[in-house]
>>> print(open('run27.txt').read())   # compact mmCIF, C-alpha atoms
# COMPACT_ATOMS: atom_id res chain seq x y z
CA MET A 1 -15.23 -0.82 -42.64
CA SER A 2 -12.07 -1.35 -44.59
CA LEU A 3 -9.14 0.98 -44.49
CA LEU A 4 -9.92 2.09 -48.04
CA ASP A 5 -13.46 3.02 -47.06
CA TYR A 6 -12.06 5.07 -44.25
CA PHE A 7 -10.13 7.26 -46.65
CA LYS A 8 -12.97 7.45 -49.15
CA SER A 9 -15.65 8.25 -46.62
CA SER A 10 -17.39 11.51 -47.43
CA LYS A 11 -19.20 12.04 -44.18
CA PRO A 12 -20.38 15.63 -43.98
CA THR A 13 -18.27 17.74 -41.66
CA SER A 14 -19.81 19.08 -38.48
CA ALA A 15 -19.44 22.61 -39.86
CA SER A 16 -21.54 21.77 -42.92
CA ILE A 17 -24.20 20.22 -40.70
CA ALA A 18 -24.18 23.37 -38.59
CA LYS A 19 -24.59 25.56 -41.65
CA GLU A 20 -27.48 23.52 -43.01
CA ARG A 21 -29.29 23.53 -39.66
CA LEU A 22 -28.81 27.26 -39.32
CA GLN A 23 -30.03 28.03 -42.82
CA ILE A 24 -33.28 26.17 -42.22
CA LEU A 25 -33.80 27.62 -38.75
CA VAL A 26 -33.01 31.20 -39.67
CA ALA A 27 -35.29 31.13 -42.71
CA HIS A 28 -38.08 29.77 -40.53
CA GLU A 29 -37.53 32.32 -37.76
CA ARG A 30 -37.36 35.25 -40.15
CA ALA A 31 -40.67 34.17 -41.67
CA SER A 32 -42.39 33.78 -38.32
CA LEU A 33 -41.08 37.14 -37.07
CA ASN A 34 -42.80 38.82 -39.97
CA GLN A 35 -46.14 37.25 -39.18
CA PRO A 36 -48.84 39.47 -37.75
CA SER A 37 -49.24 39.30 -34.01
CA TYR A 38 -52.91 38.32 -34.16
CA LEU A 39 -52.16 34.92 -35.72
CA PRO A 40 -51.95 32.94 -32.45
CA LYS A 41 -55.29 34.38 -31.31
CA LEU A 42 -56.87 33.72 -34.69
CA LYS A 43 -55.66 30.15 -34.47
CA GLN A 44 -57.10 29.77 -30.97
CA GLU A 45 -60.49 31.12 -31.95
CA LEU A 46 -60.67 29.02 -35.09
CA LEU A 47 -59.83 25.99 -33.03
CA GLN A 48 -62.73 26.72 -30.66
CA VAL A 49 -65.18 26.93 -33.57
CA ILE A 50 -63.93 23.77 -35.20
CA GLN A 51 -63.98 21.91 -31.90
CA LYS A 52 -67.75 22.39 -31.82
CA TYR A 53 -68.03 20.03 -34.75
CA PHE A 54 -64.96 17.82 -34.66
CA GLU A 55 -62.72 16.36 -32.05
CA VAL A 56 -59.51 18.08 -32.95
CA ASN A 57 -56.66 19.37 -30.86
CA GLU A 58 -54.23 22.21 -31.23
CA ASN A 59 -51.73 20.14 -33.15
CA SER A 60 -54.12 19.40 -35.96
CA ILE A 61 -54.57 23.01 -37.00
CA SER A 62 -52.03 25.29 -38.59
CA VAL A 63 -52.41 28.91 -39.61
CA ASN A 64 -49.81 30.56 -41.78
CA MET A 65 -49.47 33.96 -43.30
CA GLU A 66 -47.20 34.34 -46.28
CA GLN A 67 -46.35 37.32 -48.32
CA ASP A 68 -44.88 37.61 -51.78
CA ASP A 69 -44.66 40.53 -54.16
CA GLU A 70 -48.24 40.38 -55.33
CA ARG A 71 -50.33 39.17 -52.45
CA GLU A 72 -50.65 38.01 -48.90
CA THR A 73 -51.84 34.48 -48.39
CA LEU A 74 -53.55 33.20 -45.30
CA GLU A 75 -53.25 29.45 -45.24
CA LEU A 76 -55.36 27.36 -42.92
CA ASN A 77 -54.86 23.63 -42.53
CA ILE A 78 -57.02 21.40 -40.38
CA ILE A 79 -56.47 17.70 -40.08
CA LEU A 80 -59.74 16.02 -39.12
CA PRO A 81 -59.74 13.00 -36.84
CA ASP A 82 -59.92 9.50 -38.32
CA GLU A 83 -63.48 8.35 -38.74
CA GLU A 84 -64.66 4.86 -39.44
CA THR A 85 -64.47 5.20 -43.18
CA SER A 86 -62.01 7.74 -44.42
CA LYS A 87 -59.66 10.50 -43.49
CA LYS A 88 -60.77 13.95 -44.41
CA SER A 89 -58.74 17.05 -44.61
CA ILE A 90 -59.97 20.54 -45.10
CA SER A 91 -57.59 22.90 -46.67
CA THR A 92 -58.63 26.44 -47.30
CA THR A 93 -56.57 29.05 -48.95
CA ASN A 94 -57.78 32.58 -49.01
CA LYS A 95 -55.94 34.93 -51.28
CA GLY A 96 -56.13 38.62 -51.78
CA LYS A 97 -54.93 41.74 -50.09
CA MET B 1 -22.37 65.44 -33.64
CA ALA B 2 -21.07 62.14 -32.46
CA ARG B 3 -21.46 58.87 -34.27
CA ILE B 4 -23.12 56.30 -31.98
CA ILE B 5 -21.97 52.71 -32.31
CA VAL B 6 -23.71 49.84 -30.54
CA VAL B 7 -21.74 46.66 -29.89
CA THR B 8 -24.31 43.90 -29.75
CA SER B 9 -24.73 40.14 -30.21
CA GLY B 10 -27.77 38.75 -28.45
CA LYS B 11 -25.78 35.88 -27.01
CA GLY B 12 -23.54 36.39 -24.01
CA GLY B 13 -19.84 35.64 -23.84
CA VAL B 14 -19.04 36.24 -27.50
CA GLY B 15 -16.80 39.26 -26.92
CA LYS B 16 -18.97 42.39 -26.77
CA THR B 17 -17.10 44.04 -23.91
CA THR B 18 -13.71 42.96 -25.28
CA THR B 19 -14.73 44.51 -28.60
CA SER B 20 -16.16 47.68 -27.04
CA SER B 21 -12.99 48.32 -25.05
CA ALA B 22 -10.69 47.55 -27.99
CA VAL B 23 -12.63 49.60 -30.54
CA ALA B 24 -13.02 52.55 -28.16
CA MET B 25 -9.30 52.56 -27.39
CA GLY B 26 -8.49 52.16 -31.09
CA LEU B 27 -10.65 55.12 -32.13
CA ALA B 28 -9.26 57.26 -29.31
CA LYS B 29 -5.69 56.37 -30.25
CA LYS B 30 -6.43 57.49 -33.78
CA GLY B 31 -7.11 60.93 -32.32
CA HIS B 32 -10.91 60.83 -32.04
CA LYS B 33 -12.52 61.83 -28.78
CA THR B 34 -14.40 58.71 -27.76
CA ALA B 35 -16.72 57.69 -24.94
CA VAL B 36 -17.58 54.10 -24.13
CA ILE B 37 -20.74 53.37 -22.11
CA ASP B 38 -21.59 50.20 -20.22
CA PHE B 39 -25.32 49.42 -20.61
CA ASP B 40 -25.21 46.27 -18.50
CA VAL B 41 -26.90 47.67 -15.40
CA GLY B 42 -26.46 45.33 -12.44
CA LEU B 43 -23.65 43.36 -14.08
CA ARG B 44 -21.12 45.96 -15.08
CA ASN B 45 -17.81 44.72 -16.40
CA LEU B 46 -16.53 47.26 -18.86
CA ASP B 47 -14.76 49.08 -15.99
CA LEU B 48 -12.87 45.87 -15.19
CA ILE B 49 -11.87 45.18 -18.79
CA MET B 50 -10.75 48.81 -19.15
CA GLY B 51 -8.82 48.62 -15.88
CA CYS B 52 -10.59 51.52 -14.17
CA GLU B 53 -12.76 49.58 -11.70
CA ARG B 54 -11.23 51.32 -8.68
CA ARG B 55 -11.92 54.77 -10.05
CA VAL B 56 -15.70 54.39 -10.37
CA VAL B 57 -17.48 56.98 -8.20
CA TYR B 58 -20.65 57.82 -10.09
CA ASP B 59 -22.31 55.83 -12.83
CA PHE B 60 -24.71 56.01 -15.79
CA VAL B 61 -27.82 55.71 -13.59
CA ASN B 62 -26.59 58.48 -11.24
CA VAL B 63 -26.35 60.76 -14.26
CA ILE B 64 -29.81 59.80 -15.53
CA ASN B 65 -31.29 60.43 -12.08
CA GLY B 66 -29.54 63.78 -11.78
CA GLU B 67 -27.47 62.63 -8.78
CA ALA B 68 -24.23 63.42 -10.59
CA THR B 69 -23.23 65.39 -13.65
CA LEU B 70 -21.93 63.66 -16.73
CA ASN B 71 -18.48 65.11 -16.12
CA GLN B 72 -18.42 63.70 -12.60
CA ALA B 73 -19.30 60.22 -13.83
CA LEU B 74 -17.03 60.03 -16.87
CA ILE B 75 -13.70 58.34 -16.11
CA LYS B 76 -10.78 59.58 -18.12
CA ASP B 77 -8.57 56.79 -19.38
CA LYS B 78 -5.01 56.96 -18.03
CA ARG B 79 -3.41 55.61 -21.21
CA CYS B 80 -5.16 57.78 -23.77
CA ASN B 81 -6.55 61.21 -23.06
CA ASN B 82 -9.12 61.04 -25.85
CA LEU B 83 -10.94 58.18 -24.13
CA TYR B 84 -13.63 58.33 -21.43
CA ILE B 85 -15.57 55.53 -19.76
CA LEU B 86 -19.11 55.78 -18.39
CA PRO B 87 -19.64 52.78 -16.09
CA ALA B 88 -22.96 51.04 -15.51
CA SER B 89 -24.60 51.02 -12.14
CA GLN B 90 -23.84 47.89 -10.13
CA THR B 91 -26.54 47.91 -7.50
CA ARG B 92 -29.74 49.23 -8.97
CA ASP B 93 -32.39 47.35 -10.84
CA LYS B 94 -32.21 47.35 -14.60
CA ASP B 95 -35.41 49.41 -14.98
CA ALA B 96 -33.35 52.40 -13.88
CA LEU B 97 -32.49 53.06 -17.52
CA THR B 98 -35.17 55.02 -19.32
CA GLN B 99 -35.31 55.91 -22.98
CA GLU B 100 -35.63 59.57 -22.14
CA GLY B 101 -32.71 59.47 -19.70
CA VAL B 102 -30.42 57.57 -22.08
CA GLY B 103 -31.37 59.94 -24.89
CA LYS B 104 -30.44 62.96 -22.79
CA VAL B 105 -27.05 61.54 -21.80
CA LEU B 106 -26.26 60.64 -25.41
CA ASP B 107 -27.31 64.10 -26.59
CA GLU B 108 -25.03 65.73 -24.06
CA LEU B 109 -22.13 63.43 -24.94
CA SER B 110 -22.70 64.08 -28.64
CA LYS B 111 -21.70 67.70 -28.17
CA GLY B 112 -18.16 66.95 -27.09
CA PHE B 113 -17.37 63.52 -28.50
CA LYS B 114 -16.72 62.14 -31.97
CA TYR B 115 -17.64 58.54 -31.23
CA ILE B 116 -19.86 56.99 -28.57
CA ILE B 117 -19.58 53.23 -28.11
CA CYS B 118 -22.55 51.56 -26.42
CA ASP B 119 -21.56 48.23 -24.89
CA SER B 120 -24.81 46.26 -24.92
CA PRO B 121 -25.69 43.58 -22.38
CA ALA B 122 -26.60 40.12 -23.65
CA GLY B 123 -30.24 39.29 -24.24
CA ILE B 124 -33.07 41.38 -25.62
CA GLU B 125 -34.20 43.18 -22.48
CA ARG B 126 -34.31 46.87 -21.73
CA GLY B 127 -30.57 47.50 -21.47
CA ALA B 128 -29.93 45.83 -24.81
CA ASN B 129 -32.83 47.62 -26.47
CA LEU B 130 -31.72 51.01 -25.17
CA ALA B 131 -28.09 50.39 -26.16
CA MET B 132 -29.18 49.95 -29.77
CA TYR B 133 -32.10 52.37 -29.90
CA PHE B 134 -30.09 55.54 -30.62
CA ALA B 135 -27.34 53.90 -32.69
CA ASP B 136 -26.06 54.98 -36.08
CA ASP B 137 -23.87 51.90 -36.56
CA ALA B 138 -24.10 48.39 -35.13
CA PHE B 139 -21.12 46.12 -34.59
CA VAL B 140 -22.63 42.64 -34.46
CA VAL B 141 -20.16 40.40 -32.64
CA THR B 142 -20.63 36.77 -33.64
CA ASN B 143 -18.78 33.55 -32.89
CA PRO B 144 -18.65 30.90 -35.64
CA GLU B 145 -21.04 28.71 -33.68
CA VAL B 146 -24.73 27.89 -34.18
CA SER B 147 -26.31 29.62 -31.18
CA SER B 148 -24.33 32.81 -31.66
CA VAL B 149 -25.20 33.04 -35.37
CA ARG B 150 -28.87 32.45 -34.65
CA ASP B 151 -28.94 35.13 -31.93
CA SER B 152 -27.12 37.58 -34.19
CA ASP B 153 -29.76 37.06 -36.85
CA ARG B 154 -32.41 37.77 -34.26
CA MET B 155 -30.65 40.97 -33.22
CA LEU B 156 -30.54 42.12 -36.84
CA GLY B 157 -34.32 41.83 -36.97
CA ILE B 158 -34.62 43.93 -33.82
CA LEU B 159 -32.08 46.50 -35.06
CA SER B 160 -34.10 47.04 -38.22
CA SER B 161 -37.42 47.45 -36.43
CA LYS B 162 -36.91 48.83 -32.92
CA SER B 163 -34.41 51.64 -33.33
CA ARG B 164 -34.89 55.38 -33.45
CA ARG B 165 -33.78 55.38 -37.07
CA ALA B 166 -36.42 52.78 -37.92
CA GLU B 167 -39.15 54.60 -36.01
CA GLU B 168 -38.34 57.95 -37.57
CA GLY B 169 -38.07 56.43 -41.04
CA LYS B 170 -34.46 57.52 -41.41
CA GLU B 171 -31.63 55.71 -43.13
CA PRO B 172 -31.31 52.36 -41.31
CA ILE B 173 -28.53 51.55 -38.85
CA LYS B 174 -25.38 50.40 -40.64
CA GLU B 175 -24.67 46.84 -39.59
CA TYR B 176 -21.20 45.35 -39.50
CA LEU B 177 -20.10 41.80 -38.73
CA LEU B 178 -17.21 41.14 -36.36
CA LEU B 179 -16.50 37.43 -36.34
CA SER B 180 -14.64 36.62 -33.15
CA ARG B 181 -12.96 33.56 -31.62
CA TYR B 182 -12.22 32.33 -35.12
CA SER B 183 -9.94 29.36 -35.56
CA PRO B 184 -8.73 28.91 -39.17
CA GLU B 185 -7.28 25.52 -38.27
CA ARG B 186 -10.66 24.19 -37.18
CA VAL B 187 -12.39 25.73 -40.18
CA LYS B 188 -9.93 23.90 -42.43
CA LEU B 189 -10.78 20.62 -40.69
CA GLY B 190 -14.48 21.25 -41.18
CA GLU B 191 -15.04 21.62 -37.45
CA MET B 192 -16.06 25.26 -37.46
CA LEU B 193 -18.29 27.49 -39.59
CA SER B 194 -16.17 29.54 -41.99
CA VAL B 195 -16.46 33.28 -42.63
CA ASP B 196 -18.30 32.46 -45.85
CA ASP B 197 -20.71 30.11 -44.08
CA VAL B 198 -21.62 32.80 -41.56
CA GLN B 199 -21.88 35.41 -44.31
CA ASP B 200 -24.20 33.14 -46.34
CA ILE B 201 -26.60 33.30 -43.43
CA LEU B 202 -26.19 36.83 -42.06
CA SER B 203 -24.97 38.65 -45.22
CA LEU B 204 -23.46 41.62 -43.40
CA HIS B 205 -20.56 43.88 -44.20
CA LEU B 206 -17.54 42.08 -42.71
CA LEU B 207 -15.53 44.52 -40.63
CA GLY B 208 -13.05 41.92 -39.46
CA VAL B 209 -12.23 38.48 -38.14
CA ILE B 210 -10.72 38.21 -34.66
CA PRO B 211 -8.85 34.96 -34.17
CA GLU B 212 -9.24 32.85 -31.04
CA SER B 213 -6.34 34.14 -29.01
CA LYS B 214 -4.75 33.73 -25.61
CA SER B 215 -3.99 37.42 -25.62
CA VAL B 216 -7.67 38.26 -24.94
CA LEU B 217 -7.63 36.59 -21.52
CA ASN B 218 -4.21 38.02 -20.76
CA ALA B 219 -5.51 41.48 -21.59
CA SER B 220 -8.62 41.16 -19.45
CA ASN B 221 -6.57 39.76 -16.55
CA SER B 222 -4.62 42.98 -16.45
CA GLY B 223 -7.41 45.39 -17.38
CA THR B 224 -5.84 46.42 -20.66
CA PRO B 225 -7.87 46.62 -23.89
CA VAL B 226 -6.39 43.89 -26.11
CA ILE B 227 -5.77 46.37 -28.93
CA LEU B 228 -2.88 47.76 -26.84
CA ASP B 229 -1.13 44.39 -27.15
CA GLU B 230 0.15 45.29 -30.57
CA LYS B 231 2.12 42.09 -30.98
CA SER B 232 -0.88 39.86 -30.46
CA ASP B 233 -3.02 38.59 -33.32
CA ALA B 234 -6.26 39.71 -31.64
CA GLY B 235 -4.80 43.16 -30.96
CA GLN B 236 -3.81 43.51 -34.61
CA ALA B 237 -7.21 42.24 -35.72
CA TYR B 238 -8.92 45.00 -33.71
CA ALA B 239 -6.48 47.61 -35.03
CA ASP B 240 -7.44 46.54 -38.57
CA ILE B 241 -11.12 46.71 -37.65
CA VAL B 242 -10.81 50.28 -36.38
CA ALA B 243 -8.85 51.29 -39.48
CA ARG B 244 -11.44 49.71 -41.80
CA TYR B 245 -14.28 51.37 -39.94
CA LEU B 246 -12.54 54.72 -40.46
CA GLY B 247 -12.35 54.01 -44.17
CA GLU B 248 -8.83 52.68 -44.54
CA ASP B 249 -8.32 49.87 -47.00
CA LYS B 250 -6.91 46.93 -45.07
CA PRO B 251 -6.94 43.42 -46.52
CA HIS B 252 -8.54 40.86 -44.23
CA ARG B 253 -6.19 38.73 -42.14
CA PHE B 254 -6.56 35.78 -39.77
CA ILE B 255 -9.01 33.99 -42.09
CA GLU B 256 -6.63 31.49 -43.66
CA ASP B 257 -4.64 28.89 -41.79
CA LYS B 258 -1.16 30.01 -42.73
CA LYS B 259 0.74 28.13 -40.10
CA GLY B 260 2.76 25.27 -41.46
CA LEU B 261 4.51 22.70 -39.32
CA PHE B 262 7.06 25.32 -38.39
CA GLY B 263 4.34 27.74 -37.29
CA LYS B 264 2.65 25.06 -35.23
CA LEU B 265 5.85 24.35 -33.39
CA PHE B 266 6.24 28.01 -32.56
CA ARG B 267 2.67 29.06 -32.01
CA SER B 268 2.10 32.76 -32.07
CA ARG B 269 0.72 34.14 -28.87
>>> encode(input="run27.txt", output="structure tokens")
Amino acid sequence: MSLLDYFKSSKPTSASIAKERLQILVAHERASLNQPSYLPKLKQELLQVIQKYFEVNENSISVNMEQDDERETLELNIILPDEETSKKSISTTNKGK
Amino acid sequence: MARIIVVTSGKGGVGKTTTSSAVAMGLAKKGHKTAVIDFDVGLRNLDLIMGCERRVVYDFVNVINGEATLNQALIKDKRCNNLYILPASQTRDKDALTQEGVGKVLDELSKGFKYIICDSPAGIERGANLAMYFADDAFVVTNPEVSSVRDSDRMLGILSSKSRRAEEGKEPIKEYLLLSRYSPERVKLGEMLSVDDVQDILSLHLLGVIPESKSVLNASNSGTPVILDEKSDAGQAYADIVARYLGEDKPHRFIEDKKGLFGKLFRSR
């Protein structure tokens, strides 16, 4: 690195990295705090049902509840295991309040 | 009726007790009868910061259990006769605090005092929850540092959901930000979150910025609330904070790095 590069370098400051990390984290934590308390249990029970038919583990299922002005959305994502031919993914979105 | 202020933060070591002692002394010096209560059962320290550790006979838990009256347990400050300290219990387990008991003590104090400062312990356990439960105002003490800001945000969530005001559907607790251990020099160098950065995340009413200052340790060494060190920057910052809380219009200080080369050579204390 030349001396000129040294002066021109626009590496983000540690404070700006801190701010960015915090903004992401805080947004995420605020959202998860507002989620209903039955979500983990729902996820567990869904997982048990799905495991009857597919070999999936806990990491391949995600359950999210989101709320905007008009409606609540329950989002369920299951990543199915690789089979010989193709990769399937079920994604169900159930809207309504 | 007294106004109940909780001094809270979530994270430990950010300056809750320093703030409680300074704000309580500041309010009392302005002529308001003020009580400051230590909620950190098992790890009391407010008595030490206030310099009355050798005068503790009865404590908060004794009063709740009916083993002493409130008047027996309250310690009158020797520097300001408007100020009283209610120390936490040092030996008992932290389950000794009950919502009913704390409520009763606060009700009784409310009759004779103008302000009641509740010095919350760190964490989100019983002592911290009870310190904030009855509050009208919350002073959220935050350091410009990632873990402190995150914990403060978490406390704000708890303040808005688990307080008496929230449960009774009353006007929510008024939340104020006190940004402590602030170093304008490091902010300028991009090494520390600025007031604006913290505000972008927490968006609270800024009551004041307390600069990182040697005077805080000096004050705690001698058991003197730092606000009594009127020459120190931290002492002045707390005096401004008390004045602003009482509605005075004080421009914010200690945010900009004003020291030039000359200032750096003769660092303020």
>>> residues_near_point(input="run27.txt", point="(-37.3, 55.4, -21.2)", cutoff="12 Å", atoms="all atoms listed in the file", output="MDAnalysis selection string")
chainID B and resid 64 94:105 126:127 129:131 133:134
>>> residues_around(input="run27.txt", residues="Asp153 in chain B", least_positions_apart="3", cutoff="9 Å", atoms="all atoms listed in the file", output="ChimeraX atom specification")
/A:26,30 /B:9-10,148-150,156-158,201-202
>>> closest_atom_pairs(input="run27.txt", of="chain B", to="chain A", cutoff="6 Å", atoms="all atoms listed in the file", output="tab-separated table")
residue	atom	partner	partner_atom	distance
B:Gly190	CA	A:Thr13	CA	5.2
B:Glu191	CA	A:Ala15	CA	5.1
B:Met192	CA	A:Ala15	CA	4.9
B:Leu193	CA	A:Ala15	CA	5.0
>>> closest_residue(input="run27.txt", among="A:Leu80, A:Leu42, A:Leu74, A:Ala31", to="Asn57 in chain A", atoms="only C-alpha atoms")
A:Leu80
>>> closest_residue(input="run27.txt", among="B:Leu189, B:Gly208, B:Leu86, B:Ser180", to="Pro251 in chain B", atoms="all atoms listed in the file")
B:Gly208
>>> residues_around(input="run27.txt", residues="Lys43 in chain A", least_positions_apart="4", cutoff="10 Å", atoms="only C-alpha atoms", output="JSON, numbers by chain")
{"A": [38, 39, 47, 48, 58, 61, 62, 63, 64, 76]}
>>> write_last_selection(input="run27.txt", atoms="C-alpha atoms", output="mmCIF file, keeping the file's coordinate frame")
data_model
loop_
_atom_site.group_PDB
_atom_site.id
_atom_site.type_symbol
_atom_site.label_atom_id
_atom_site.label_comp_id
_atom_site.auth_asym_id
_atom_site.auth_seq_id
_atom_site.Cartn_x
_atom_site.Cartn_y
_atom_site.Cartn_z
ATOM 1 C CA TYR A 38 -52.910 38.320 -34.160
ATOM 2 C CA LEU A 39 -52.160 34.920 -35.720
ATOM 3 C CA LEU A 47 -59.830 25.990 -33.030
ATOM 4 C CA GLN A 48 -62.730 26.720 -30.660
ATOM 5 C CA GLU A 58 -54.230 22.210 -31.230
ATOM 6 C CA ILE A 61 -54.570 23.010 -37.000
ATOM 7 C CA SER A 62 -52.030 25.290 -38.590
ATOM 8 C CA VAL A 63 -52.410 28.910 -39.610
ATOM 9 C CA ASN A 64 -49.810 30.560 -41.780
ATOM 10 C CA LEU A 76 -55.360 27.360 -42.920
#
>>> atom_distance(input="run27.txt", atom1="CA of Ala24 in chain B", atom2="CA of Leu83 in chain B")
7.2 Å
>>> atom_distance(input="run27.txt", atom1="CA of Leu179 in chain B", atom2="CA of Glu212 in chain B")
10.1 Å
>>> residues_around(input="run27.txt", residues="Ser21 in chain B", least_positions_apart="6", cutoff="9 Å", atoms="only C-alpha atoms", output="count of residues only")
10
>>> atom_distance(input="run27.txt", atom1="CA of Ala237 in chain B", atom2="CA of Gly51 in chain B")
20.9 Å
>>> residues_near_point(input="run27.txt", point="(-21.7, 55.8, -10.0)", cutoff="9 Å", atoms="only C-alpha atoms", output="VMD selection string")
chain B and resid 56 to 63 68 72 to 73 86 to 90
>>> residues_around(input="run27.txt", residues="range 182-185 of chain B", least_positions_apart="5", cutoff="6 Å", atoms="all atoms listed in the file", output="number ranges by chain")
B: 211-212, 255-257
